[in-house]
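In what follows, a single structure is set out as structure tokens and then discussed.
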Amino acid sequence: MGRFRMTGGAQVISLGCRLNIAESERIRAMLSGERDVVVVNSCAVTAEAVRTTRQAIRRARRERPDARLLVTGCAADVERDQLSAMPEVDGLVANRSKLDPRAWNAPERTEPVPARRTRAFVAVQNGCDHACTFCIIPQGRGPSRSLTVPQVLREVERHVEQGAPEVVLTGVDVTSWGHDLPDRPPLGRLVAAILEAFPELPRLRMSSLDGVEIDAELFDLFAGEPRLMPHLHLSLQHGNDLILKRMKRRHLRADALALVGRLKRARPEIAIGADLIAGFPTETQAAHEDNLSIVRELEIVHGHVFPYSPRPGTPAARMPQVARETVKQRAAQLRAQVAAVRDAWLDRLVGTEQVVLAESDGTGHAANFARHALPAGTAGGEIVTLTPRHHEKGLLL
């Protein structure tokens, strides 16, 4: 959960994905002249995310009893009736309208000023044209829309001028960027344009990508461009082909293995992350074993594991469900498998030289997104070179 508080008293609470973080910054800038306003930028990707949204709303009301409390984000659309009935909520702002100043009765700002942050998130795309059977996000985000290259460059420029040492490109379905623009430019062309336009930017990082849509130019940049961080987070979801087909994903297990194999041959230090769903409807024990084994085979060291929860109106909610206790057990086993692979990876990093971007909490992230404890006195936003010792001693986390 991210919280952005302003001097005038307005506050934005950001839940969920990196896209929400980027949009929360824009909302914060639009409301910079407001007082006694709290905005909860919600998430609805799972039932647990909606529960967390409700908790955040109640907590915000307790902490700011006299503030005007507004809710936006995916849950404000998907769970509109339920959230509007909460006595703590003063109003909802539709997800598609949340970056429009008129939705907040805020003055139009031609040059929003981003706050100085260690890592700046730039939303290059929104919405999704796919129909994964488990996903409710298209209902809250709508169809895929891309910023043009000049629009993205202007956003990046604002953060670079503020001194952000790392920019993260984010969106709902980032690899679909450009599909709705003239000539359908590939995502790699946008990444190349950013790197060329801002040679002073030390680090460019990608958020979650759909591996089947990684174009040749983007692959080449991952393989050989040192300023594009060696950290690929895949929207993988599962390791079993039948489950992937029932999810209506566009890749199979072999596609993920082939992509990661090619990347690791070209850039051995690349770290792999992935989203994985445990207990999808009809998942057998054998399918679950495929999920566990793909963690090992891809060497997934940054794993986001989600226990499946049925979302209203989605096709998967009508499929035969796995018992909830089994779903929880399988999610715990997946997390344990990721932790084991991650610990072995961290052990191999001991004694190697790592370039780390410091956060404000005494830790920092290397290019491969391994988290490190930093020497006392290291300022947030500073880039330092470390030779980490063993993580169990707290020097490599």
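Residue numbering restarts at 1 in every chain; chains get A, B, ... in the order shown in the structure tokens, and ligands count up from 1 in that same order.
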Report task. Just the strand (DSSP E) stuff from stretch 132-298 of chain A, please, per backbone DSSP, written as a VMD selection string. Result -> chain A and resid 145 to 146 166 to 170 203 to 206 231 to 237 271 to 278
Requested in this report: Would you list the contacts of A:Met319 as a PyMOL selection string, taking every protein, DNA or RNA residue within 10 Å and counting only C-alpha atoms, but skipping same-chain residues closer than 5 positions in sequence?
Outcome: chain A and resi 133+246+280-282+310+314
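Residue nearest A:Ser97 within the list A:Ala76, A:Ala323, A:Ala47, A:Val212: A:Ala76 [criterion: smallest interatomic distance, only C-alpha atoms].
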Query raised in the report: Skipping near chain neighbours, those fewer than 5 positions away, what residues fall within 12 Å of A:Arg119 using only C-alpha atoms, listed as JSON, numbers by chain?
Result: {"A": [18, 21, 22, 25, 114, 156, 159, 160, 162, 163, 164, 165, 166, 167, 168, 169, 201, 202, 203, 204, 205, 206, 357, 358, 359, 360, 364, 365, 380, 381, 382, 383]}
Query - Shell around A:Phe219 at 12 Å using only C-alpha atoms, local window under 6 positions removed, as a list in words - result: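 Using only C-alpha atoms, the neighbours found are Thr175, Pro186, Leu187, Gly188, Arg189, Val191, Ala192, Leu209, Gly211, Val212, Glu213, Glu225, Leu228, Pro230, Leu232, Leu259, Val260, Arg262, Leu263, Lys264, Ala266 and Arg267 of chain A.
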Restricting it to N, CA, C and O atoms, dump the selection as a PDB file, in the first residue's frame.
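What follows is the written file out-v9.pdb:
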ATOM      1  N   THR A 175       2.799  -4.751 -23.049  1.00  0.00           N
ATOM      2  CA  THR A 175       3.278  -5.194 -24.350  1.00  0.00           C
ATOM      3  C   THR A 175       2.267  -4.956 -25.468  1.00  0.00           C
ATOM      4  O   THR A 175       2.605  -5.120 -26.645  1.00  0.00           O
ATOM      5  N   PRO A 186       5.971  -1.286 -32.298  1.00  0.00           N
ATOM      6  CA  PRO A 186       6.202  -2.247 -31.207  1.00  0.00           C
ATOM      7  C   PRO A 186       6.744  -1.543 -29.977  1.00  0.00           C
ATOM      8  O   PRO A 186       7.317  -0.452 -30.054  1.00  0.00           O
ATOM      9  N   LEU A 187       6.602  -2.200 -28.839  1.00  0.00           N
ATOM     10  CA  LEU A 187       7.048  -1.620 -27.574  1.00  0.00           C
ATOM     11  C   LEU A 187       8.549  -1.342 -27.592  1.00  0.00           C
ATOM     12  O   LEU A 187       9.009  -0.359 -27.009  1.00  0.00           O
ATOM     13  N   GLY A 188       9.312  -2.195 -28.256  1.00  0.00           N
ATOM     14  CA  GLY A 188      10.752  -1.974 -28.323  1.00  0.00           C
ATOM     15  C   GLY A 188      11.121  -0.626 -28.921  1.00  0.00           C
ATOM     16  O   GLY A 188      12.127  -0.020 -28.535  1.00  0.00           O
ATOM     17  N   ARG A 189      10.315  -0.151 -29.847  1.00  0.00           N
ATOM     18  CA  ARG A 189      10.591   1.158 -30.452  1.00  0.00           C
ATOM     19  C   ARG A 189      10.437   2.271 -29.423  1.00  0.00           C
ATOM     20  O   ARG A 189      11.211   3.231 -29.410  1.00  0.00           O
ATOM     21  N   VAL A 191      10.838   1.943 -26.101  1.00  0.00           N
ATOM     22  CA  VAL A 191      11.947   1.817 -25.147  1.00  0.00           C
ATOM     23  C   VAL A 191      13.218   2.406 -25.756  1.00  0.00           C
ATOM     24  O   VAL A 191      13.964   3.137 -25.090  1.00  0.00           O
ATOM     25  N   ALA A 192      13.475   2.106 -27.029  1.00  0.00           N
ATOM     26  CA  ALA A 192      14.661   2.648 -27.695  1.00  0.00           C
ATOM     27  C   ALA A 192      14.604   4.174 -27.766  1.00  0.00           C
ATOM     28  O   ALA A 192      15.621   4.855 -27.586  1.00  0.00           O
ATOM     29  N   LEU A 209       5.282  -7.976 -18.191  1.00  0.00           N
ATOM     30  CA  LEU A 209       5.166  -8.090 -19.640  1.00  0.00           C
ATOM     31  C   LEU A 209       4.547  -9.434 -20.026  1.00  0.00           C
ATOM     32  O   LEU A 209       4.761 -10.440 -19.353  1.00  0.00           O
ATOM     33  N   GLY A 211       4.964 -12.312 -22.278  1.00  0.00           N
ATOM     34  CA  GLY A 211       6.110 -12.813 -23.018  1.00  0.00           C
ATOM     35  C   GLY A 211       5.845 -13.056 -24.486  1.00  0.00           C
ATOM     36  O   GLY A 211       6.736 -12.867 -25.318  1.00  0.00           O
ATOM     37  N   VAL A 212       4.626 -13.457 -24.830  1.00  0.00           N
ATOM     38  CA  VAL A 212       4.324 -13.786 -26.218  1.00  0.00           C
ATOM     39  C   VAL A 212       4.367 -12.549 -27.111  1.00  0.00           C
ATOM     40  O   VAL A 212       4.468 -12.668 -28.342  1.00  0.00           O
ATOM     41  N   GLU A 213       4.302 -11.346 -26.511  1.00  0.00           N
ATOM     42  CA  GLU A 213       4.293 -10.111 -27.291  1.00  0.00           C
ATOM     43  C   GLU A 213       5.596  -9.320 -27.201  1.00  0.00           C
ATOM     44  O   GLU A 213       5.650  -8.175 -27.646  1.00  0.00           O
ATOM     45  N   GLU A 225      21.369  -4.000 -23.689  1.00  0.00           N
ATOM     46  CA  GLU A 225      21.393  -2.588 -23.292  1.00  0.00           C
ATOM     47  C   GLU A 225      21.566  -2.489 -21.778  1.00  0.00           C
ATOM     48  O   GLU A 225      20.657  -2.833 -21.022  1.00  0.00           O
ATOM     49  N   LEU A 228      18.808  -0.736 -19.626  1.00  0.00           N
ATOM     50  CA  LEU A 228      17.543  -1.448 -19.448  1.00  0.00           C
ATOM     51  C   LEU A 228      17.799  -2.568 -18.456  1.00  0.00           C
ATOM     52  O   LEU A 228      18.600  -3.471 -18.696  1.00  0.00           O
ATOM     53  N   PRO A 230      18.219  -5.703 -16.093  1.00  0.00           N
ATOM     54  CA  PRO A 230      18.111  -7.136 -16.359  1.00  0.00           C
ATOM     55  C   PRO A 230      17.118  -7.810 -15.417  1.00  0.00           C
ATOM     56  O   PRO A 230      17.470  -8.613 -14.546  1.00  0.00           O
ATOM     57  N   LEU A 232      13.106  -9.230 -15.826  1.00  0.00           N
ATOM     58  CA  LEU A 232      11.924  -9.462 -16.658  1.00  0.00           C
ATOM     59  C   LEU A 232      10.850 -10.112 -15.802  1.00  0.00           C
ATOM     60  O   LEU A 232      11.029 -11.225 -15.305  1.00  0.00           O
ATOM     61  N   LEU A 259      11.571 -18.495 -24.340  1.00  0.00           N
ATOM     62  CA  LEU A 259      11.895 -17.074 -24.208  1.00  0.00           C
ATOM     63  C   LEU A 259      12.952 -16.847 -23.143  1.00  0.00           C
ATOM     64  O   LEU A 259      13.962 -16.165 -23.377  1.00  0.00           O
ATOM     65  N   VAL A 260      12.738 -17.409 -21.966  1.00  0.00           N
ATOM     66  CA  VAL A 260      13.687 -17.206 -20.870  1.00  0.00           C
ATOM     67  C   VAL A 260      15.033 -17.843 -21.201  1.00  0.00           C
ATOM     68  O   VAL A 260      16.096 -17.277 -20.899  1.00  0.00           O
ATOM     69  N   ARG A 262      16.425 -18.159 -24.164  1.00  0.00           N
ATOM     70  CA  ARG A 262      17.117 -17.261 -25.106  1.00  0.00           C
ATOM     71  C   ARG A 262      17.679 -16.045 -24.381  1.00  0.00           C
ATOM     72  O   ARG A 262      18.817 -15.635 -24.628  1.00  0.00           O
ATOM     73  N   LEU A 263      16.888 -15.469 -23.478  1.00  0.00           N
ATOM     74  CA  LEU A 263      17.347 -14.280 -22.760  1.00  0.00           C
ATOM     75  C   LEU A 263      18.536 -14.593 -21.853  1.00  0.00           C
ATOM     76  O   LEU A 263      19.496 -13.822 -21.788  1.00  0.00           O
ATOM     77  N   LYS A 264      18.479 -15.721 -21.166  1.00  0.00           N
ATOM     78  CA  LYS A 264      19.573 -16.047 -20.244  1.00  0.00           C
ATOM     79  C   LYS A 264      20.858 -16.394 -20.985  1.00  0.00           C
ATOM     80  O   LYS A 264      21.956 -16.144 -20.474  1.00  0.00           O
ATOM     81  N   ALA A 266      21.690 -14.859 -23.716  1.00  0.00           N
ATOM     82  CA  ALA A 266      22.193 -13.567 -24.174  1.00  0.00           C
ATOM     83  C   ALA A 266      22.663 -12.690 -23.025  1.00  0.00           C
ATOM     84  O   ALA A 266      23.620 -11.917 -23.170  1.00  0.00           O
ATOM     85  N   ARG A 267      22.006 -12.798 -21.861  1.00  0.00           N
ATOM     86  CA  ARG A 267      22.322 -11.943 -20.712  1.00  0.00           C
ATOM     87  C   ARG A 267      22.156 -12.778 -19.445  1.00  0.00           C
ATOM     88  O   ARG A 267      21.096 -12.746 -18.809  1.00  0.00           O
TER      89      ARG A 267
END
Report task. Just give me the gap between atom CA of A:Phe134 and atom CA of A:Met247 in Å, one decimal is fine. Result ->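 Between atom CA of A:Phe134 and atom CA of A:Met247 the gap is 6.4 Å.
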At a cut-off of 6 Å, using only C-alpha atoms, what residues contact stretch 293-304 of chain A? Leave out same-chain residues fewer than 2 positions from it and give the result as a PDB file with N, CA, C and O atoms, in the first residue's frame.
ATOM      1  N   GLY A 239       1.879 -22.902 -15.125  1.00  0.00           N
ATOM      2  CA  GLY A 239       2.865 -23.722 -15.805  1.00  0.00           C
ATOM      3  C   GLY A 239       2.289 -24.941 -16.494  1.00  0.00           C
ATOM      4  O   GLY A 239       3.042 -25.771 -17.007  1.00  0.00           O
ATOM      5  N   ILE A 272      14.381 -13.327 -13.327  1.00  0.00           N
ATOM      6  CA  ILE A 272      13.032 -13.588 -13.824  1.00  0.00           C
ATOM      7  C   ILE A 272      12.024 -13.481 -12.688  1.00  0.00           C
ATOM      8  O   ILE A 272      12.188 -14.077 -11.619  1.00  0.00           O
ATOM      9  N   GLY A 273      10.985 -12.720 -12.928  1.00  0.00           N
ATOM     10  CA  GLY A 273       9.835 -12.653 -12.043  1.00  0.00           C
ATOM     11  C   GLY A 273       8.606 -13.144 -12.789  1.00  0.00           C
ATOM     12  O   GLY A 273       8.611 -13.263 -14.013  1.00  0.00           O
ATOM     13  N   ALA A 274       7.550 -13.451 -12.074  1.00  0.00           N
ATOM     14  CA  ALA A 274       6.338 -13.928 -12.731  1.00  0.00           C
ATOM     15  C   ALA A 274       5.145 -13.817 -11.805  1.00  0.00           C
ATOM     16  O   ALA A 274       5.271 -13.919 -10.584  1.00  0.00           O
ATOM     17  N   ASP A 275       3.975 -13.622 -12.414  1.00  0.00           N
ATOM     18  CA  ASP A 275       2.694 -13.741 -11.726  1.00  0.00           C
ATOM     19  C   ASP A 275       2.216 -15.179 -11.885  1.00  0.00           C
ATOM     20  O   ASP A 275       2.228 -15.729 -13.002  1.00  0.00           O
ATOM     21  N   ASP A 290       2.974 -28.974 -12.164  1.00  0.00           N
ATOM     22  CA  ASP A 290       3.549 -28.228 -13.294  1.00  0.00           C
ATOM     23  C   ASP A 290       3.803 -26.774 -12.916  1.00  0.00           C
ATOM     24  O   ASP A 290       4.769 -26.161 -13.379  1.00  0.00           O
ATOM     25  N   ASN A 291       2.932 -26.224 -12.091  1.00  0.00           N
ATOM     26  CA  ASN A 291       3.125 -24.852 -11.616  1.00  0.00           C
ATOM     27  C   ASN A 291       4.385 -24.754 -10.750  1.00  0.00           C
ATOM     28  O   ASN A 291       5.180 -23.819 -10.871  1.00  0.00           O
ATOM     29  N   ARG A 342      14.658 -18.442  -4.777  1.00  0.00           N
ATOM     30  CA  ARG A 342      15.212 -17.112  -4.517  1.00  0.00           C
ATOM     31  C   ARG A 342      16.404 -17.176  -3.552  1.00  0.00           C
ATOM     32  O   ARG A 342      17.429 -16.510  -3.766  1.00  0.00           O
TER      33      ARG A 342
END
Query raised in the report: Nearest to A:Arg250: which of A:His179, A:Arg184, A:His130, A:Arg80 is it, counting only C-alpha atoms?
Result: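 Comparing A:His179, A:Arg184, A:His130, A:Arg80 against A:Arg250, the winner is A:His130.
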Query raised in the report: Pick the closest to A:Ala278 from A:Arg324, A:Asp210, A:Val78, A:Arg265: which is it, counting only C-alpha atoms?
Result: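 Among the listed residues, A:Arg324 lies closest to A:Ala278.
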Requested in this report: Would you list the contacts of A:Trp177 as a list in words, taking every protein, DNA or RNA residue within 8 Å and counting only C-alpha atoms, but skipping same-chain residues closer than 5 positions in sequence?
Outcome: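 Residues meeting the cut-off are Val124, Gln125, Ser144, Arg145, Ser146, Leu147, Pro185, Pro186 and Leu187 of chain A.
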Would you mind exporting the chosen residues as a PDB file, in the first residue's frame, restricted to all heavy atoms?
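Full text of selection_3.pdb as output:
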ATOM      1  N   VAL A 124       2.376   4.066 -19.705  1.00  0.00           N
ATOM      2  CA  VAL A 124       2.436   4.261 -21.157  1.00  0.00           C
ATOM      3  C   VAL A 124       1.202   3.701 -21.842  1.00  0.00           C
ATOM      4  O   VAL A 124       0.971   3.960 -23.025  1.00  0.00           O
ATOM      5  CB  VAL A 124       3.698   3.601 -21.748  1.00  0.00           C
ATOM      6  CG1 VAL A 124       4.946   4.168 -21.083  1.00  0.00           C
ATOM      7  CG2 VAL A 124       3.671   2.079 -21.629  1.00  0.00           C
ATOM      8  N   GLN A 125       0.389   2.964 -21.096  1.00  0.00           N
ATOM      9  CA  GLN A 125      -0.740   2.261 -21.701  1.00  0.00           C
ATOM     10  C   GLN A 125      -1.761   1.986 -20.613  1.00  0.00           C
ATOM     11  O   GLN A 125      -1.429   1.896 -19.438  1.00  0.00           O
ATOM     12  CB  GLN A 125      -0.217   0.955 -22.332  1.00  0.00           C
ATOM     13  CG  GLN A 125      -1.230   0.026 -22.935  1.00  0.00           C
ATOM     14  CD  GLN A 125      -1.870  -0.924 -21.929  1.00  0.00           C
ATOM     15  OE1 GLN A 125      -1.353  -1.121 -20.823  1.00  0.00           O
ATOM     16  NE2 GLN A 125      -3.004  -1.485 -22.275  1.00  0.00           N
ATOM     17  N   SER A 144      -7.699  -1.287 -24.553  1.00  0.00           N
ATOM     18  CA  SER A 144      -6.319  -0.816 -24.523  1.00  0.00           C
ATOM     19  C   SER A 144      -6.180   0.532 -25.220  1.00  0.00           C
ATOM     20  O   SER A 144      -6.676   0.727 -26.333  1.00  0.00           O
ATOM     21  CB  SER A 144      -5.402  -1.844 -25.194  1.00  0.00           C
ATOM     22  OG  SER A 144      -4.067  -1.423 -25.163  1.00  0.00           O
ATOM     23  N   ARG A 145      -5.500   1.465 -24.530  1.00  0.00           N
ATOM     24  CA  ARG A 145      -5.188   2.786 -25.109  1.00  0.00           C
ATOM     25  C   ARG A 145      -3.736   3.098 -24.821  1.00  0.00           C
ATOM     26  O   ARG A 145      -3.261   2.891 -23.710  1.00  0.00           O
ATOM     27  CB  ARG A 145      -6.030   3.896 -24.475  1.00  0.00           C
ATOM     28  CG  ARG A 145      -7.504   3.841 -24.746  1.00  0.00           C
ATOM     29  CD  ARG A 145      -8.268   3.170 -23.631  1.00  0.00           C
ATOM     30  NE  ARG A 145      -8.226   3.908 -22.376  1.00  0.00           N
ATOM     31  CZ  ARG A 145      -8.517   3.374 -21.203  1.00  0.00           C
ATOM     32  NH1 ARG A 145      -8.815   2.092 -21.109  1.00  0.00           N
ATOM     33  NH2 ARG A 145      -8.470   4.096 -20.116  1.00  0.00           N
ATOM     34  N   SER A 146      -3.032   3.603 -25.840  1.00  0.00           N
ATOM     35  CA  SER A 146      -1.607   3.885 -25.722  1.00  0.00           C
ATOM     36  C   SER A 146      -1.336   5.372 -25.760  1.00  0.00           C
ATOM     37  O   SER A 146      -1.964   6.111 -26.527  1.00  0.00           O
ATOM     38  CB  SER A 146      -0.834   3.229 -26.873  1.00  0.00           C
ATOM     39  OG  SER A 146      -1.081   1.854 -26.970  1.00  0.00           O
ATOM     40  N   LEU A 147      -0.365   5.826 -24.941  1.00  0.00           N
ATOM     41  CA  LEU A 147       0.193   7.157 -25.130  1.00  0.00           C
ATOM     42  C   LEU A 147       1.091   7.119 -26.364  1.00  0.00           C
ATOM     43  O   LEU A 147       1.704   6.091 -26.665  1.00  0.00           O
ATOM     44  CB  LEU A 147       1.022   7.584 -23.919  1.00  0.00           C
ATOM     45  CG  LEU A 147       0.290   8.339 -22.795  1.00  0.00           C
ATOM     46  CD1 LEU A 147      -0.740   7.449 -22.137  1.00  0.00           C
ATOM     47  CD2 LEU A 147       1.287   8.855 -21.765  1.00  0.00           C
ATOM     48  N   PRO A 185       3.333   0.668 -33.814  1.00  0.00           N
ATOM     49  CA  PRO A 185       4.736   0.511 -33.431  1.00  0.00           C
ATOM     50  C   PRO A 185       4.888  -0.497 -32.308  1.00  0.00           C
ATOM     51  O   PRO A 185       4.054  -0.562 -31.405  1.00  0.00           O
ATOM     52  CB  PRO A 185       5.132   1.916 -32.963  1.00  0.00           C
ATOM     53  CG  PRO A 185       3.845   2.537 -32.513  1.00  0.00           C
ATOM     54  CD  PRO A 185       2.810   2.000 -33.448  1.00  0.00           C
ATOM     55  N   PRO A 186       5.971  -1.286 -32.298  1.00  0.00           N
ATOM     56  CA  PRO A 186       6.202  -2.247 -31.207  1.00  0.00           C
ATOM     57  C   PRO A 186       6.744  -1.543 -29.977  1.00  0.00           C
ATOM     58  O   PRO A 186       7.317  -0.452 -30.054  1.00  0.00           O
ATOM     59  CB  PRO A 186       7.235  -3.201 -31.804  1.00  0.00           C
ATOM     60  CG  PRO A 186       7.996  -2.357 -32.776  1.00  0.00           C
ATOM     61  CD  PRO A 186       6.991  -1.395 -33.350  1.00  0.00           C
ATOM     62  N   LEU A 187       6.602  -2.200 -28.839  1.00  0.00           N
ATOM     63  CA  LEU A 187       7.048  -1.620 -27.574  1.00  0.00           C
ATOM     64  C   LEU A 187       8.549  -1.342 -27.592  1.00  0.00           C
ATOM     65  O   LEU A 187       9.009  -0.359 -27.009  1.00  0.00           O
ATOM     66  CB  LEU A 187       6.696  -2.569 -26.423  1.00  0.00           C
ATOM     67  CG  LEU A 187       7.100  -2.136 -25.011  1.00  0.00           C
ATOM     68  CD1 LEU A 187       6.435  -0.818 -24.622  1.00  0.00           C
ATOM     69  CD2 LEU A 187       6.744  -3.235 -24.004  1.00  0.00           C
TER      70      LEU A 187
END
Query raised in the report: Can you tell me how far atom CA of A:Gln11 sits from atom CA of A:Arg154, in Å to one decimal?
Result: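 Separation between atom CA of A:Gln11 and atom CA of A:Arg154: 25.5 Å.
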**Report entry** Those of stretch 235-265 of chain A in DSSP helix (DSSP H, G or I), formatted as a ChimeraX atom specification
**Finding:** /A:241-246,253-265
Query - Pick from A:Ala340, A:Ile136, A:Val38, A:Ile194 nearest to A:Ala10, counting only C-alpha atoms - result: A:Val38
Report task. Could you give me, as a list of chain:residue names, the residues within 6 Å of A:Asn95, counting only C-alpha atoms and dropping anything in the same chain fewer than 2 positions from it? Result ->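 Once the adjacent positions are removed, what remains is A:Thr72, A:Gly73, A:Cys74, A:Ser97, A:Lys98.
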